[in-house]
Structures are given as structure tokens and as C-alpha cells.
Amino acid sequence: DALVSDSVMAPQGRWLACMLSPHGVHVAALEMKGSRFAVIVDGVEGPRIDQLISPESGPVLVGGPDQAFQVAGPKFGVFSDGGEHFAYLAKMGTDCVLILDGKEIWRGPISDAVTRRGLTFSAAGRHLFLHETDTNSGDRMIVDGTPGPWSREPPKVSMSADGAHY
């Protein structure tokens, strides 16, 4: 016999956008908290943020709920393949912050010269990658919250099939 249970994943009627993990087992929701935002994953609220930053192209959300959904659309973060991990980029003050599973793992200044994109997990969610480009310094990868060296060429990452090595 199948067992069905329910649990509150996000406040009813108060969330702006919602994402399901690849296998539909986990849920992330974006919610307004006064003039700020919070990301709720499986019912657990993350830190308060000023704005979200798109994990694909980098534009920052501005204004209220309507603009938030128009800019971010339904994809405002990334789940690992199995859905156990969720990561997103956010603006807090004058910094860009990388949040993994509700905890800050990296912080860097927001600047017109810097773009961050390509937020992605390796297989099985073992590593988290973010590509950072600075017009003055070049390109680098931030892996699991640790910035790599700057390069003149965009880095190309190769991973083992199980995602353990890169």
C-alpha cells in the first residue's frame, strides 16, 4: 500500500516562484520578506537577501514580486541531480553571495566589471562550480566556495563520471 503524507514546503499564497528538484522530491520557493527575499528549501528558510542573481546569465532582480518573477522566471537556483543540494546566488549589501544548502560558502564584491554565471553541480552533487569573469583579471572557477587562479582564457572543467574528481 502506498503511504501519502503532506508537509508545508512554503507559505501558502506568499511565494513568488517555485522549483522542483530533478526527481520531484525536493522543493525550493522564493518568498518576499518585507522589502527583502528569502529562499525556502523543503520548508527551511535560508538567509534574508536583498536580491537574487540569475544562475545562468547574471542579471540581478530588482524591485518587488512582479519584477522578481519576470527576471528570474521559474529558475532562480540549481538543484543537484538527486535534489539533495540546492545553490543560488544573491546580493547582500554590496556583495554577491553563493549560498549552498542554506549556508553562505563564498562572498565577493558586486562590480560592473565582474560577471558570474554557469552555476552547476557535478554528478551526484559532489562539487559546485561557478564561472567568474572580471574584465581586469580574466576568468576563474569558484569550486565549492574556493576561488581558483585567474586565467586569460575561460576555464574548461572536466569531471569524472561519478562527479568525485574534476
# chains A, B, ... in the order shown; residues from 1 in each chain; ligands from 1
$ closest_atom_pairs --of "stretch 123-146 of chain A" --to "stretch 151-165 of chain A" --cutoff "7 Å" --atoms "only C-alpha atoms" --output "Markdown table"
| residue | atom | partner | partner_atom | distance |
| --- | --- | --- | --- | --- |
| A:Ala123 | CA | A:Gly163 | CA | 4.2 |
| A:Ala124 | CA | A:Gly163 | CA | 6.2 |
| A:Arg126 | CA | A:Gly163 | CA | 6.0 |
| A:Gly138 | CA | A:Arg152 | CA | 5.0 |
| A:Asp139 | CA | A:Ser151 | CA | 5.2 |
| A:Arg140 | CA | A:Ser151 | CA | 6.1 |
| A:Met141 | CA | A:Pro155 | CA | 6.9 |
$ write_last_selection --atoms "C-alpha atoms" --output "CSV table (one decimal), in the first residue's frame"
chain,number,residue,atom,x,y,z
A,123,ALA,CA,27.4,14.4,-10.8
A,124,ALA,CA,25.8,13.3,-7.5
A,126,ARG,CA,29.7,16.3,-5.1
A,138,GLY,CA,40.3,37.4,-16.5
A,139,ASP,CA,38.4,34.2,-15.8
A,140,ARG,CA,38.3,31.7,-12.9
A,141,MET,CA,36.3,29.0,-11.4
$ atom_distance --atom1 "atom CA of A:Glu84" --atom2 "atom CA of A:Ile53"
21.4 Å
$ residues_around --residues "stretch 31-40 of chain A" --least-positions-apart "2" --cutoff "6 Å" --atoms "only C-alpha atoms" --output "list in words"
Trp15, Leu16, Ala28, Ala29, Gly43, Val44, Glu45, Gly46, Arg48, Ile49 and Asp50 of chain A
$ write_last_selection --atoms "N, CA and C atoms" --output "tab-separated table (two decimals), in the first residue's frame"
chain	number	residue	atom	x	y	z
A	15	TRP	N	4.56	32.77	-1.84
A	15	TRP	CA	5.78	32.56	-2.60
A	15	TRP	C	5.64	33.11	-4.01
A	16	LEU	N	6.78	33.54	-4.59
A	16	LEU	CA	6.80	34.19	-5.89
A	16	LEU	C	7.15	33.23	-7.02
A	28	ALA	N	12.10	24.17	-3.79
A	28	ALA	CA	12.66	25.47	-3.41
A	28	ALA	C	11.65	26.53	-3.80
A	29	ALA	N	11.42	27.50	-2.90
A	29	ALA	CA	10.47	28.57	-3.18
A	29	ALA	C	11.10	29.91	-2.84
A	43	GLY	N	10.88	23.61	3.12
A	43	GLY	CA	10.28	24.19	4.31
A	43	GLY	C	11.25	24.92	5.22
A	44	VAL	N	12.56	24.90	4.91
A	44	VAL	CA	13.56	25.56	5.74
A	44	VAL	C	14.00	26.86	5.08
A	45	GLU	N	13.80	27.96	5.78
A	45	GLU	CA	14.12	29.28	5.24
A	45	GLU	C	15.61	29.56	5.31
A	46	GLY	N	16.17	30.08	4.21
A	46	GLY	CA	17.57	30.48	4.16
A	46	GLY	C	17.73	31.92	4.63
A	48	ARG	N	18.09	35.98	4.76
A	48	ARG	CA	17.42	37.09	4.06
A	48	ARG	C	18.40	37.69	3.07
A	49	ILE	N	17.91	37.96	1.87
A	49	ILE	CA	18.76	38.51	0.81
A	49	ILE	C	18.11	39.76	0.23
A	50	ASP	N	18.93	40.61	-0.38
A	50	ASP	CA	18.40	41.82	-1.00
A	50	ASP	C	17.82	41.52	-2.37
$ residues_around --residues "A:Gly77" --least-positions-apart "2" --cutoff "10 Å" --atoms "only C-alpha atoms" --output "PyMOL selection string"
chain A and resi 19+28-30+39+52-56+72+74-75+79+86-90+99-100+119-120
$ select_by_dssp --residues "stretch 5-155 of chain A" --states "strand (DSSP E)" --output "count of residues only"
69
$ select_by_dssp --residues "chain A" --states "helix (DSSP H, G or I)" --output "number ranges by chain"
A: 65-72, 123-125
$ closest_residue --among "A:Gly145, A:His26, A:Thr133, A:Val41" --to "A:Gly102" --atoms "only C-alpha atoms"
A:Val41
